[in-house]
>>> print(open('start.cif').read())   # mmCIF, C-alpha atoms
data_target
#
loop_
_atom_site.label_atom_id
_atom_site.label_comp_id
_atom_site.auth_asym_id
_atom_site.auth_seq_id
_atom_site.Cartn_x
_atom_site.Cartn_y
_atom_site.Cartn_z
CA MET A 246 0.00 0.00 0.00
CA ASN A 247 1.25 3.45 -0.75
CA THR A 248 1.33 6.47 1.52
CA ILE A 249 -2.13 7.68 0.50
CA THR A 250 -3.64 4.32 1.33
CA ARG A 251 -2.02 4.20 4.74
CA SER A 252 -3.18 7.73 5.52
CA LEU A 253 -6.80 6.85 4.78
CA ILE A 254 -7.04 4.27 7.53
CA PRO A 255 -6.60 6.71 10.44
CA LEU A 256 -8.92 9.13 8.62
CA LEU A 257 -11.63 6.50 8.70
CA PHE A 258 -11.28 6.12 12.45
CA ILE A 259 -11.48 9.89 12.86
CA LEU A 260 -14.69 9.96 10.85
CA LEU A 261 -16.21 7.19 12.89
CA SER A 262 -15.37 8.92 16.15
CA THR A 263 -17.12 12.18 15.27
CA PRO A 264 -19.82 13.59 17.58
CA ALA A 265 -22.44 12.24 15.18
CA TRP A 266 -21.41 8.72 16.11
CA SER A 267 -21.46 9.52 19.83
CA GLN A 268 -24.85 11.16 19.54
CA HIS A 269 -26.17 8.20 17.65
CA GLY A 270 -24.91 5.89 20.32
CA GLN A 271 -26.63 7.86 23.06
CA GLU A 272 -29.88 7.98 21.14
CA HIS A 273 -29.69 4.30 20.52
CA GLN A 274 -29.09 3.60 24.16
CA HIS A 275 -31.94 5.89 25.15
CA GLU A 276 -34.31 4.19 22.80
CA HIS A 277 -33.11 0.73 23.57
CA GLU A 278 -35.86 -0.14 25.99
CA HIS A 279 -38.44 0.75 23.34
CA GLU A 280 -36.71 -0.83 20.44
CA HIS A 281 -38.17 -3.90 18.78
CA GLU A 282 -35.65 -6.23 17.32
CA HIS A 283 -36.54 -9.09 15.10
CA GLU A 284 -34.52 -11.89 13.69
CA GLU A 285 -36.19 -13.47 10.76
CA SER A 286 -35.51 -16.59 8.84
CA VAL A 287 -36.74 -16.28 5.30
CA SER A 288 -38.65 -19.48 5.85
CA ASP A 289 -40.91 -17.54 8.23
CA SER A 290 -43.55 -16.77 5.68
CA ALA A 291 -46.29 -16.01 8.17
CA ALA A 292 -46.90 -12.31 8.28
CA GLY A 293 -47.66 -11.03 11.72
CA VAL A 294 -47.74 -7.81 13.60
CA ALA A 295 -45.30 -7.65 16.46
CA SER A 296 -47.08 -7.81 19.77
CA ALA A 297 -45.39 -4.89 21.52
CA ALA A 298 -46.70 -1.80 19.79
CA PRO A 299 -45.36 1.67 20.55
CA ALA A 300 -48.21 4.16 20.44
CA THR A 301 -46.23 6.67 18.42
CA GLY A 302 -48.04 6.59 15.10
CA ARG A 303 -49.00 9.97 13.69
CA LEU A 304 -49.90 10.47 10.08
CA THR A 305 -47.41 12.33 7.91
CA ILE A 306 -49.41 14.70 5.74
CA THR A 307 -48.37 14.92 2.10
CA PRO A 308 -50.44 16.57 -0.66
CA GLU A 309 -51.65 13.15 -1.84
CA ILE A 310 -52.61 12.10 1.68
CA GLU A 311 -54.38 15.39 2.28
CA ILE A 312 -56.46 14.89 -0.87
CA ALA A 313 -57.26 11.30 0.04
CA LEU A 314 -58.40 12.37 3.52
CA ALA A 315 -60.50 15.16 2.04
CA ASN A 316 -62.18 12.57 -0.17
CA GLY A 317 -63.29 10.68 2.94
CA GLY A 318 -60.54 8.07 3.25
CA THR A 319 -59.49 6.58 6.55
CA ALA A 320 -55.87 6.63 7.65
CA VAL A 321 -53.47 4.04 9.01
CA VAL A 322 -49.92 4.50 10.24
CA ALA A 323 -47.78 1.38 10.54
CA ASP A 324 -44.44 1.38 12.35
CA VAL A 325 -41.98 -0.47 10.12
CA LEU A 326 -38.79 -2.20 11.18
CA GLY A 327 -35.69 -2.02 9.03
CA VAL A 328 -36.55 1.10 7.08
CA VAL A 329 -33.17 2.72 6.51
CA CYS A 330 -33.08 3.93 2.91
CA ASP A 331 -35.07 5.12 -0.08
CA PHE A 332 -35.11 1.61 -1.59
CA CYS A 333 -37.21 0.60 1.42
CA ALA A 334 -39.63 3.42 0.66
CA VAL A 335 -39.74 2.55 -3.03
CA ALA A 336 -40.49 -1.09 -2.23
CA MET A 337 -43.41 -0.28 0.03
CA ASN A 338 -44.75 2.43 -2.25
CA LYS A 339 -44.79 -0.10 -5.10
CA ILE A 340 -46.43 -2.89 -3.10
CA PHE A 341 -49.05 -0.80 -1.32
CA GLY A 342 -49.63 1.56 -4.24
CA LYS A 343 -50.89 -1.39 -6.30
CA GLN A 344 -53.61 -2.27 -3.81
CA GLU A 345 -57.03 -1.16 -4.98
CA GLU A 346 -58.04 -0.24 -1.40
CA VAL A 347 -55.23 2.31 -1.11
CA ALA A 348 -55.76 5.93 -2.15
CA ALA A 349 -52.44 7.34 -0.93
CA VAL A 350 -49.22 5.92 0.48
CA TYR A 351 -46.11 7.55 1.90
CA VAL A 352 -43.16 5.98 3.68
CA ASP A 353 -41.54 8.41 6.09
CA LEU A 354 -37.91 7.54 6.81
CA ASP A 355 -37.75 9.99 9.71
CA THR A 356 -40.65 8.42 11.59
CA LYS A 357 -39.97 4.96 10.12
CA ALA A 358 -43.63 4.68 9.33
CA LEU A 359 -45.82 3.57 6.49
CA ASN A 360 -48.64 6.09 6.03
CA LEU A 361 -51.75 4.86 4.25
CA VAL A 362 -55.08 6.42 3.42
CA PHE A 363 -57.73 4.07 2.10
CA LYS A 364 -60.40 4.85 -0.44
CA PRO A 365 -63.78 5.70 1.12
CA GLY A 366 -65.38 2.53 2.42
CA ALA A 367 -62.25 0.42 1.84
CA SER A 368 -59.64 -0.88 4.27
CA LEU A 369 -56.98 -3.52 4.88
CA ASP A 370 -56.79 -5.35 8.17
CA ASP A 371 -53.60 -5.53 10.23
CA ASP A 372 -52.68 -9.00 8.97
CA ALA A 373 -53.07 -7.92 5.35
CA ILE A 374 -50.87 -4.87 5.94
CA ALA A 375 -48.26 -7.05 7.62
CA ALA A 376 -48.35 -9.60 4.79
CA LEU A 377 -47.89 -6.87 2.18
CA ALA A 378 -44.97 -5.44 4.16
CA VAL A 379 -43.32 -8.87 4.05
CA GLN A 380 -43.70 -8.86 0.27
CA ALA A 381 -41.84 -5.56 0.27
CA GLY A 382 -39.14 -7.15 2.43
CA TYR A 383 -39.94 -5.50 5.75
CA ARG A 384 -41.73 -6.13 9.03
CA ILE A 385 -44.53 -4.23 10.70
CA ALA A 386 -44.08 -3.49 14.40
CA ALA A 387 -47.45 -1.86 15.08
CA VAL A 388 -50.50 -0.53 13.28
CA HIS A 389 -52.31 2.62 14.37
CA ARG A 390 -55.65 3.65 12.92
CA SER A 391 -57.85 6.72 12.76
CA PRO A 392 -58.58 8.78 14.75
CA VAL A 393 -55.40 8.17 16.76
CA VAL A 394 -53.13 8.73 13.77
CA LEU A 395 -54.75 12.10 13.13
CA GLY A 396 -53.94 13.23 16.63
CA SER A 397 -57.59 13.39 17.63
CA MET B 31 -10.50 -30.12 -9.36
CA ARG B 32 -12.93 -32.36 -7.45
CA ALA B 33 -13.04 -29.91 -4.57
CA ARG B 34 -13.75 -27.15 -7.03
CA VAL B 35 -16.66 -29.07 -8.53
CA GLN B 36 -18.03 -29.89 -5.10
CA LEU B 37 -17.91 -26.26 -4.11
CA LEU B 38 -19.76 -25.26 -7.22
CA LEU B 39 -22.34 -27.99 -6.84
CA LEU B 40 -22.82 -27.13 -3.22
CA LEU B 41 -23.56 -23.52 -3.86
CA PHE B 42 -24.72 -23.86 -7.47
CA PHE B 43 -25.94 -20.32 -7.38
CA ALA B 44 -23.37 -18.46 -9.34
CA VAL B 45 -21.87 -15.11 -10.18
CA GLY B 46 -21.76 -13.28 -6.91
CA SER B 47 -21.82 -9.58 -7.34
CA ALA B 48 -18.45 -7.90 -7.36
CA ALA B 49 -19.78 -5.13 -5.19
CA VAL B 50 -21.70 -4.96 -1.96
CA SER B 51 -24.94 -4.50 -3.81
CA ALA B 52 -27.72 -2.46 -2.35
CA ARG B 53 -30.50 -4.94 -1.64
CA PRO B 54 -29.79 -7.71 -4.17
CA VAL B 55 -33.29 -9.03 -3.46
CA SER B 56 -36.02 -6.49 -4.15
CA TYR B 57 -39.75 -6.37 -3.42
CA VAL B 58 -42.04 -9.03 -4.88
CA GLY B 59 -42.62 -8.26 -8.54
CA GLY B 60 -39.75 -5.77 -8.72
CA TRP B 61 -37.15 -5.47 -11.46
CA THR B 62 -33.70 -4.05 -10.77
CA PHE B 63 -30.95 -2.98 -13.16
CA ILE B 64 -27.39 -2.94 -11.84
CA GLU B 65 -24.20 -1.80 -13.55
CA GLU B 66 -20.84 -2.35 -11.87
CA SER B 67 -17.35 -1.42 -12.96
CA ASN B 68 -14.29 -1.91 -10.80
CA ARG B 69 -10.60 -2.60 -11.22
CA GLN B 70 -11.20 -6.12 -12.51
CA SER B 71 -14.42 -6.19 -14.47
CA THR B 72 -17.42 -4.40 -15.91
CA ALA B 73 -20.80 -6.00 -15.46
CA ALA B 74 -24.48 -5.46 -16.15
CA LEU B 75 -27.23 -7.33 -14.37
CA ILE B 76 -30.99 -7.24 -14.50
CA HIS B 77 -32.87 -9.23 -11.89
CA TYR B 78 -36.45 -10.00 -10.97
CA THR B 79 -37.73 -10.76 -7.48
CA PRO B 80 -40.55 -13.34 -7.40
CA SER B 81 -40.40 -13.86 -3.62
CA PRO B 82 -39.19 -11.86 -0.60
CA SER B 83 -36.44 -14.43 -0.17
CA TRP B 84 -34.82 -14.65 -3.60
CA SER B 85 -34.24 -13.02 -6.96
CA LEU B 86 -33.14 -14.29 -10.34
CA GLY B 87 -31.04 -12.26 -12.72
CA LEU B 88 -29.26 -12.31 -16.04
CA ARG B 89 -25.71 -11.03 -15.77
CA ASN B 90 -23.03 -10.22 -18.30
CA GLU B 91 -19.57 -9.59 -16.91
CA TRP B 92 -16.47 -8.64 -18.87
CA VAL B 93 -13.26 -9.60 -17.05
CA ARG B 94 -11.15 -7.00 -18.82
CA ASP B 95 -7.56 -8.04 -18.19
CA ALA B 96 -8.23 -11.71 -18.87
CA ASP B 97 -10.12 -11.00 -22.10
CA TYR B 98 -13.22 -13.03 -21.42
CA ALA B 99 -16.83 -12.43 -20.52
CA ILE B 100 -19.35 -14.47 -18.60
CA THR B 101 -23.05 -14.48 -19.39
CA SER B 102 -24.98 -16.26 -16.69
CA LEU B 103 -28.16 -16.74 -14.74
CA GLN B 104 -27.71 -15.36 -11.25
CA PRO B 105 -29.95 -16.42 -8.38
CA THR B 106 -29.63 -14.61 -5.06
CA TYR B 107 -31.03 -16.11 -1.88
CA LEU B 108 -31.73 -14.09 1.24
CA LEU B 109 -30.43 -16.41 3.91
CA LYS B 110 -31.18 -14.23 6.92
CA ARG B 111 -32.49 -10.75 7.65
CA TRP B 112 -32.44 -8.96 10.97
CA PHE B 113 -34.75 -6.01 11.62
CA GLY B 114 -34.59 -3.25 14.17
CA GLN B 115 -36.12 0.19 14.42
CA GLU B 116 -32.74 1.69 13.55
CA TYR B 117 -31.07 -0.95 11.43
CA GLN B 118 -31.34 -3.75 8.98
CA ALA B 119 -28.83 -6.54 8.40
CA ASN B 120 -28.79 -9.23 5.75
CA VAL B 121 -26.89 -12.29 4.63
CA TYR B 122 -27.29 -13.39 1.02
CA LEU B 123 -25.98 -16.34 -0.96
CA GLN B 124 -25.40 -15.57 -4.58
CA GLY B 125 -24.36 -17.68 -7.49
CA GLY B 126 -24.71 -18.33 -11.15
CA LEU B 127 -24.15 -20.63 -14.04
CA GLY B 128 -23.41 -19.61 -17.58
CA VAL B 129 -20.97 -19.42 -20.46
CA ALA B 130 -17.55 -17.81 -20.60
CA SER B 131 -16.40 -16.55 -24.01
CA GLY B 132 -13.26 -14.84 -25.25
CA THR B 133 -13.27 -11.11 -25.91
CA SER B 134 -10.90 -8.67 -27.63
CA GLY B 135 -9.74 -11.32 -30.11
CA ASN B 136 -9.18 -14.00 -27.49
CA PRO B 137 -9.32 -17.20 -29.61
CA MET B 138 -10.15 -19.60 -26.76
CA SER B 139 -13.38 -21.51 -27.14
CA SER B 140 -16.42 -20.85 -25.03
CA THR B 141 -16.84 -22.90 -21.90
CA THR B 142 -19.10 -23.35 -18.89
CA ALA B 143 -18.54 -20.88 -16.09
CA ALA B 144 -19.85 -20.69 -12.57
CA THR B 145 -19.37 -18.49 -9.58
CA ALA B 146 -20.50 -18.49 -5.98
CA GLY B 147 -20.57 -15.77 -3.40
CA VAL B 148 -21.83 -14.49 -0.11
CA ILE B 149 -22.89 -10.94 0.72
CA ALA B 150 -23.47 -9.58 4.21
CA ASP B 151 -24.43 -6.08 5.24
CA TRP B 152 -25.50 -4.05 8.23
CA GLU B 153 -26.97 -0.63 7.70
CA THR B 154 -28.51 2.23 9.61
CA ARG B 155 -29.33 5.64 8.18
CA ARG B 156 -25.85 6.86 9.17
CA PHE B 157 -23.56 3.85 9.03
CA PHE B 158 -22.95 0.98 6.64
CA LEU B 159 -20.78 -2.12 6.91
CA GLY B 160 -20.66 -4.75 4.20
CA TYR B 161 -18.71 -7.85 3.22
CA ASN B 162 -18.65 -9.75 -0.04
CA ALA B 163 -16.73 -12.88 -0.99
CA ARG B 164 -16.82 -14.42 -4.42
CA TYR B 165 -15.27 -17.25 -6.39
CA ILE B 166 -15.24 -17.53 -10.18
CA ASP B 167 -14.53 -20.69 -12.14
CA ALA B 168 -14.33 -19.86 -15.84
CA GLY B 169 -12.85 -23.16 -17.00
CA HIS B 170 -9.81 -22.72 -19.22
CA PHE B 171 -10.12 -18.96 -18.89
CA GLY B 172 -9.06 -19.37 -15.30
CA ASP B 173 -10.47 -19.04 -11.82
CA ASN B 174 -10.12 -16.42 -9.16
CA ALA B 175 -11.40 -15.42 -5.78
CA MET B 176 -11.97 -12.09 -4.13
CA GLN B 177 -13.31 -10.62 -0.95
CA LEU B 178 -14.01 -7.08 0.05
CA VAL B 179 -15.22 -5.05 2.98
CA ARG B 180 -16.95 -1.73 2.71
CA MET B 181 -17.53 0.90 5.37
CA GLY B 182 -19.80 3.88 4.91
CA TRP B 183 -20.89 6.99 6.73
CA ALA B 184 -23.67 9.38 5.83
CA PRO B 185 -22.95 12.96 6.91
CA TYR B 186 -26.68 13.65 7.24
CA GLU B 187 -29.91 11.65 7.42
CA GLY B 188 -31.96 12.33 4.34
CA ASP B 189 -35.70 11.83 4.47
CA THR B 190 -37.77 10.08 1.82
CA GLN B 191 -37.00 11.35 -1.70
CA ASP B 192 -34.12 13.49 -0.47
CA LEU B 193 -30.70 13.08 -2.01
CA HIS B 194 -28.83 10.72 0.29
CA THR B 195 -25.04 11.03 0.28
CA TRP B 196 -22.59 8.50 1.66
CA LEU B 197 -18.83 8.56 2.07
CA MET B 198 -17.53 5.03 1.69
CA LEU B 199 -14.29 3.12 1.75
CA GLU B 200 -13.91 -0.23 0.04
CA ILE B 201 -10.97 -2.54 0.66
CA ASP B 202 -10.73 -5.52 -1.66
CA HIS B 203 -8.48 -8.56 -1.62
CA ARG B 204 -7.77 -10.34 -4.90
CA PRO B 205 -4.97 -12.87 -4.36
CA GLU B 206 -4.30 -13.28 -8.08
CA SER B 207 -3.77 -9.57 -8.69
CA ALA B 208 -0.37 -7.88 -8.63
CA ASP B 209 -1.77 -5.54 -5.99
CA SER B 210 -3.57 -8.14 -3.96
CA VAL B 211 -5.08 -5.58 -1.58
CA SER B 212 -6.45 -2.30 -2.82
CA VAL B 213 -8.46 0.59 -1.48
CA THR B 214 -11.23 2.56 -3.15
CA PRO B 215 -12.74 5.65 -1.55
CA LEU B 216 -16.10 6.36 -3.11
CA LEU B 217 -19.18 8.52 -2.93
CA ARG B 218 -22.65 7.03 -2.98
CA PHE B 219 -25.59 9.15 -4.11
CA PHE B 220 -29.01 7.74 -3.51
CA ARG B 221 -32.42 9.15 -4.35
CA GLY B 222 -35.68 7.29 -4.77
CA PRO B 223 -35.15 4.27 -7.04
CA ALA B 224 -31.68 5.31 -8.27
CA LEU B 225 -28.27 4.78 -6.71
CA LEU B 226 -24.94 5.96 -8.15
CA GLU B 227 -21.49 5.20 -6.77
CA VAL B 228 -18.36 6.91 -8.03
CA GLY B 229 -14.90 6.14 -6.71
CA PHE B 230 -11.28 5.65 -7.63
CA ASN B 231 -8.97 2.82 -6.66
CA ILE B 232 -5.87 4.48 -5.25
CA VAL B 233 -3.68 1.36 -5.28
CA ASP B 234 -4.56 -0.02 -8.71
CA PRO B 235 -5.56 3.25 -10.39
CA THR B 236 -8.97 2.47 -11.82
CA PRO B 237 -12.33 4.20 -11.55
CA LEU B 238 -15.24 2.55 -9.79
CA ILE B 239 -18.68 3.31 -11.18
CA ASN B 240 -21.76 1.47 -9.95
CA PHE B 241 -25.35 2.28 -10.81
CA THR B 242 -28.56 0.68 -9.62
CA TYR B 243 -32.11 1.46 -10.65
CA ARG B 244 -35.13 -0.22 -9.12
CA PHE B 245 -38.25 -0.36 -11.26
#
>>> encode(input="start.cif", output="structure tokens")
Amino acid sequence: MNTITRSLIPLLFILLSTPAWSQHGQEHQHEHEHEHEHEESVSDSAAGVASAAPATGRLTITPEIEIALANGGTAVVADVLGVVCDFCAVAMNKIFGKQEEVAAVYVDLDTKALNLVFKPGASLDDDAIAALAVQAGYRIAAVHRSPVVLGS
Amino acid sequence: MRARVQLLLLLFFAVGSAAVSARPVSYVGGWTFIEESNRQSTAALIHYTPSPSWSLGLRNEWVRDADYAITSLQPTYLLKRWFGQEYQANVYLQGGLGVASGTSGNPMSSTTAATAGVIADWETRRFFLGYNARYIDAGHFGDNAMQLVRMGWAPYEGDTQDLHTWLMLEIDHRPESADSVSVTPLLRFFRGPALLEVGFNIVDPTPLINFTYRF
């Protein structure tokens, strides 16, 4: 390895020891008692909603969701495990967006939640939502429904 | 030779990705296009995901210095996935079976080729750690093995549809290469269904360009 290569190794350690890392560690520790961790074998095909459900779900309002609510749709917010990137959001948008019951869908990476508004008179039960999340490659931790998700 | 055959039969799945791919198994019904170019090869792959646990792709890989290319079917199997509120971790087996053919005037005849690999990753919105090992058997064109680790850090947490930026460092080990260990700093840009990685190998001066698009 040349000099440049050798110099990059300590740089990496400097990057990893920045305050951002420390802050992340503290947040993680703080949230640890609330955190749901799942280990899944791919042979576990049964889709289920995790039993311990944090009551944190609040709907993220986007223009599409606002329109769907104005049209009389009901809202669901599902806490999703493993949502760390835009590919996760794309996967769930594709899977849930194809469902005829769904009027609007938005995956919020900040709240790690799947936001759904159904067409008037339509709905999906918790098991169906969980099964669809598995098709997208993810796991539902909890499902919150109107009016709780609207903050009422 | 027998051990080589046993290894290939055991894993069967062939042509492990040369990079730590972003989610080599997509959502059910999803198509993904992946282009990869590194110090050894240039490859294009399109794969389809029929199940949450596996995908099947068609891959063409040009091994530039050795003047041959492999066209193969590439299954990827999600062996294990761990979920948390802040992280996701995966272990994949990847393989393939196809045909190796000479390029750039290489007169050698076409032959059966197979590869096998394993990919592991752990990712949060700020940190990434990945490992990839791969073995190629291209018959009389030769065989080779490689492994790499990749570390990444995102300077900020982008929300949905934001531009996500990662600083990454990839260290690869290719025993057959003159520079058996090399280092590639790279930038990853990620937005919606598209991912672009641009880097430069500072030991074996070669650009790295990877692109993924999820349909």
>>> residues_around(input="start.cif", residues="A:Ala313", least_positions_apart="6", cutoff="8 Å", atoms="only C-alpha atoms", output="PyMOL selection string")
chain A and resi 348-349+362-364
>>> residues_near_point(input="start.cif", point="(-18.8, 5.6, -3.3)", cutoff="12 Å", atoms="all atoms listed in the file", output="ChimeraX atom specification")
/B:49-51,66,68,158,180-184,194-201,213-220,225-231,237-241
>>> write_last_selection(input="start.cif", atoms="C-alpha atoms", output="PDB file, in the frame of the given file")
ATOM      1  CA  ALA B  49     -19.780  -5.130  -5.190  1.00  0.00           C
ATOM      2  CA  VAL B  50     -21.700  -4.960  -1.960  1.00  0.00           C
ATOM      3  CA  SER B  51     -24.940  -4.500  -3.810  1.00  0.00           C
ATOM      4  CA  GLU B  66     -20.840  -2.350 -11.870  1.00  0.00           C
ATOM      5  CA  ASN B  68     -14.290  -1.910 -10.800  1.00  0.00           C
ATOM      6  CA  PHE B 158     -22.950   0.980   6.640  1.00  0.00           C
ATOM      7  CA  ARG B 180     -16.950  -1.730   2.710  1.00  0.00           C
ATOM      8  CA  MET B 181     -17.530   0.900   5.370  1.00  0.00           C
ATOM      9  CA  GLY B 182     -19.800   3.880   4.910  1.00  0.00           C
ATOM     10  CA  TRP B 183     -20.890   6.990   6.730  1.00  0.00           C
ATOM     11  CA  ALA B 184     -23.670   9.380   5.830  1.00  0.00           C
ATOM     12  CA  HIS B 194     -28.830  10.720   0.290  1.00  0.00           C
ATOM     13  CA  THR B 195     -25.040  11.030   0.280  1.00  0.00           C
ATOM     14  CA  TRP B 196     -22.590   8.500   1.660  1.00  0.00           C
ATOM     15  CA  LEU B 197     -18.830   8.560   2.070  1.00  0.00           C
ATOM     16  CA  MET B 198     -17.530   5.030   1.690  1.00  0.00           C
ATOM     17  CA  LEU B 199     -14.290   3.120   1.750  1.00  0.00           C
ATOM     18  CA  GLU B 200     -13.910  -0.230   0.040  1.00  0.00           C
ATOM     19  CA  ILE B 201     -10.970  -2.540   0.660  1.00  0.00           C
ATOM     20  CA  VAL B 213      -8.460   0.590  -1.480  1.00  0.00           C
ATOM     21  CA  THR B 214     -11.230   2.560  -3.150  1.00  0.00           C
ATOM     22  CA  PRO B 215     -12.740   5.650  -1.550  1.00  0.00           C
ATOM     23  CA  LEU B 216     -16.100   6.360  -3.110  1.00  0.00           C
ATOM     24  CA  LEU B 217     -19.180   8.520  -2.930  1.00  0.00           C
ATOM     25  CA  ARG B 218     -22.650   7.030  -2.980  1.00  0.00           C
ATOM     26  CA  PHE B 219     -25.590   9.150  -4.110  1.00  0.00           C
ATOM     27  CA  PHE B 220     -29.010   7.740  -3.510  1.00  0.00           C
ATOM     28  CA  LEU B 225     -28.270   4.780  -6.710  1.00  0.00           C
ATOM     29  CA  LEU B 226     -24.940   5.960  -8.150  1.00  0.00           C
ATOM     30  CA  GLU B 227     -21.490   5.200  -6.770  1.00  0.00           C
ATOM     31  CA  VAL B 228     -18.360   6.910  -8.030  1.00  0.00           C
ATOM     32  CA  GLY B 229     -14.900   6.140  -6.710  1.00  0.00           C
ATOM     33  CA  PHE B 230     -11.280   5.650  -7.630  1.00  0.00           C
ATOM     34  CA  ASN B 231      -8.970   2.820  -6.660  1.00  0.00           C
ATOM     35  CA  PRO B 237     -12.330   4.200 -11.550  1.00  0.00           C
ATOM     36  CA  LEU B 238     -15.240   2.550  -9.790  1.00  0.00           C
ATOM     37  CA  ILE B 239     -18.680   3.310 -11.180  1.00  0.00           C
ATOM     38  CA  ASN B 240     -21.760   1.470  -9.950  1.00  0.00           C
ATOM     39  CA  PHE B 241     -25.350   2.280 -10.810  1.00  0.00           C
TER      40      PHE B 241
END
>>> closest_atom_pairs(input="start.cif", of="chain B", to="chain A", cutoff="7 Å", atoms="all atoms listed in the file", output="JSON lines")
{"residue": "B:Tyr57", "atom": "CA", "partner": "A:Ala381", "partner_atom": "CA", "distance": 4.3}
{"residue": "B:Val58", "atom": "CA", "partner": "A:Gln380", "partner_atom": "CA", "distance": 5.4}
{"residue": "B:Pro82", "atom": "CA", "partner": "A:Gln380", "partner_atom": "CA", "distance": 5.5}
{"residue": "B:Ser83", "atom": "CA", "partner": "A:Val287", "partner_atom": "CA", "distance": 5.8}
{"residue": "B:Leu108", "atom": "CA", "partner": "A:Val287", "partner_atom": "CA", "distance": 6.8}
{"residue": "B:Leu109", "atom": "CA", "partner": "A:Val287", "partner_atom": "CA", "distance": 6.5}
{"residue": "B:Lys110", "atom": "CA", "partner": "A:Ser286", "partner_atom": "CA", "distance": 5.3}
{"residue": "B:Arg111", "atom": "CA", "partner": "A:Glu285", "partner_atom": "CA", "distance": 5.5}
{"residue": "B:Trp112", "atom": "CA", "partner": "A:Glu284", "partner_atom": "CA", "distance": 4.5}
{"residue": "B:Phe113", "atom": "CA", "partner": "A:Gly327", "partner_atom": "CA", "distance": 4.8}
{"residue": "B:Gly114", "atom": "CA", "partner": "A:Glu282", "partner_atom": "CA", "distance": 4.5}
{"residue": "B:Gln115", "atom": "CA", "partner": "A:Leu326", "partner_atom": "CA", "distance": 4.8}
{"residue": "B:Glu116", "atom": "CA", "partner": "A:Gly327", "partner_atom": "CA", "distance": 6.5}
{"residue": "B:Tyr117", "atom": "CA", "partner": "A:Gly327", "partner_atom": "CA", "distance": 5.3}
{"residue": "B:Gln118", "atom": "CA", "partner": "A:Gly327", "partner_atom": "CA", "distance": 4.7}
{"residue": "B:Thr154", "atom": "CA", "partner": "A:Val329", "partner_atom": "CA", "distance": 5.6}
{"residue": "B:Arg155", "atom": "CA", "partner": "A:Val329", "partner_atom": "CA", "distance": 5.1}
{"residue": "B:Asp189", "atom": "CA", "partner": "A:Leu354", "partner_atom": "CA", "distance": 5.4}
{"residue": "B:Thr190", "atom": "CA", "partner": "A:Leu354", "partner_atom": "CA", "distance": 5.6}
{"residue": "B:Gln191", "atom": "CA", "partner": "A:Asp331", "partner_atom": "CA", "distance": 6.7}
{"residue": "B:Val213", "atom": "CA", "partner": "A:Thr250", "partner_atom": "CA", "distance": 6.7}
{"residue": "B:Arg221", "atom": "CA", "partner": "A:Asp331", "partner_atom": "CA", "distance": 6.4}
{"residue": "B:Gly222", "atom": "CA", "partner": "A:Asp331", "partner_atom": "CA", "distance": 5.2}
{"residue": "B:Pro223", "atom": "CA", "partner": "A:Phe332", "partner_atom": "CA", "distance": 6.1}
{"residue": "B:Ile232", "atom": "CA", "partner": "A:Thr250", "partner_atom": "CA", "distance": 6.9}
{"residue": "B:Val233", "atom": "CA", "partner": "A:Met246", "partner_atom": "CA", "distance": 6.6}
>>> atom_distance(input="start.cif", atom1="atom CA of A:Glu345", atom2="atom CA of B:Trp84")
26.0 Å
>>> atom_distance(input="start.cif", atom1="atom CA of A:Leu359", atom2="atom CA of B:Thr106")
26.9 Å
>>> resolve_selection(input="start.cif", expression="the PyMOL selection byres ((chain A and resi 388) around 9)", output="list in words")
Val294, Ala298, Ala300, Gly302, Val321, Val322, Ala323, Asp324, Asp371, Ile374, Ala375, Ile385, Ala386, Ala387, His389 and Arg390 of chain A
>>> resolve_selection(input="start.cif", expression="the PyMOL selection byres ((chain B and resi 99) around 7)", output="list in words")
Asn90, Glu91, Trp92, Val93, Tyr98, Ile100, Thr101, Ala130, Ser131, Gly132 and Thr133 of chain B
>>> atom_distance(input="start.cif", atom1="atom CA of B:Val121", atom2="atom CA of B:Trp152")
9.1 Å
>>> closest_residue(input="start.cif", among="A:Ala358, A:Ser391, A:Asn338, A:Val350", to="A:Thr307", atoms="all atoms listed in the file")
A:Val350
>>> decode(input="start.cif", residues="stretch 68-74 of chain B", atoms="N, CA and C atoms", output="PDB file, in the first residue's frame")
ATOM      1  N   ASN B  68     -15.345  -2.062 -11.797  1.00  0.00           N
ATOM      2  CA  ASN B  68     -14.290  -1.915 -10.803  1.00  0.00           C
ATOM      3  C   ASN B  68     -12.950  -2.238 -11.450  1.00  0.00           C
ATOM      4  N   ARG B  69     -11.941  -2.440 -10.651  1.00  0.00           N
ATOM      5  CA  ARG B  69     -10.599  -2.597 -11.221  1.00  0.00           C
ATOM      6  C   ARG B  69     -10.437  -3.900 -11.988  1.00  0.00           C
ATOM      7  N   GLN B  70     -11.343  -4.842 -11.823  1.00  0.00           N
ATOM      8  CA  GLN B  70     -11.202  -6.123 -12.507  1.00  0.00           C
ATOM      9  C   GLN B  70     -12.177  -6.291 -13.668  1.00  0.00           C
ATOM     10  N   SER B  71     -13.408  -5.847 -13.479  1.00  0.00           N
ATOM     11  CA  SER B  71     -14.425  -6.191 -14.471  1.00  0.00           C
ATOM     12  C   SER B  71     -15.482  -5.108 -14.611  1.00  0.00           C
ATOM     13  N   THR B  72     -16.257  -5.247 -15.666  1.00  0.00           N
ATOM     14  CA  THR B  72     -17.420  -4.396 -15.908  1.00  0.00           C
ATOM     15  C   THR B  72     -18.599  -5.327 -16.116  1.00  0.00           C
ATOM     16  N   ALA B  73     -19.690  -5.061 -15.425  1.00  0.00           N
ATOM     17  CA  ALA B  73     -20.803  -6.004 -15.464  1.00  0.00           C
ATOM     18  C   ALA B  73     -22.133  -5.277 -15.525  1.00  0.00           C
ATOM     19  N   ALA B  74     -23.100  -5.942 -16.147  1.00  0.00           N
ATOM     20  CA  ALA B  74     -24.479  -5.463 -16.150  1.00  0.00           C
ATOM     21  C   ALA B  74     -25.370  -6.614 -15.724  1.00  0.00           C
TER      22      ALA B  74
END
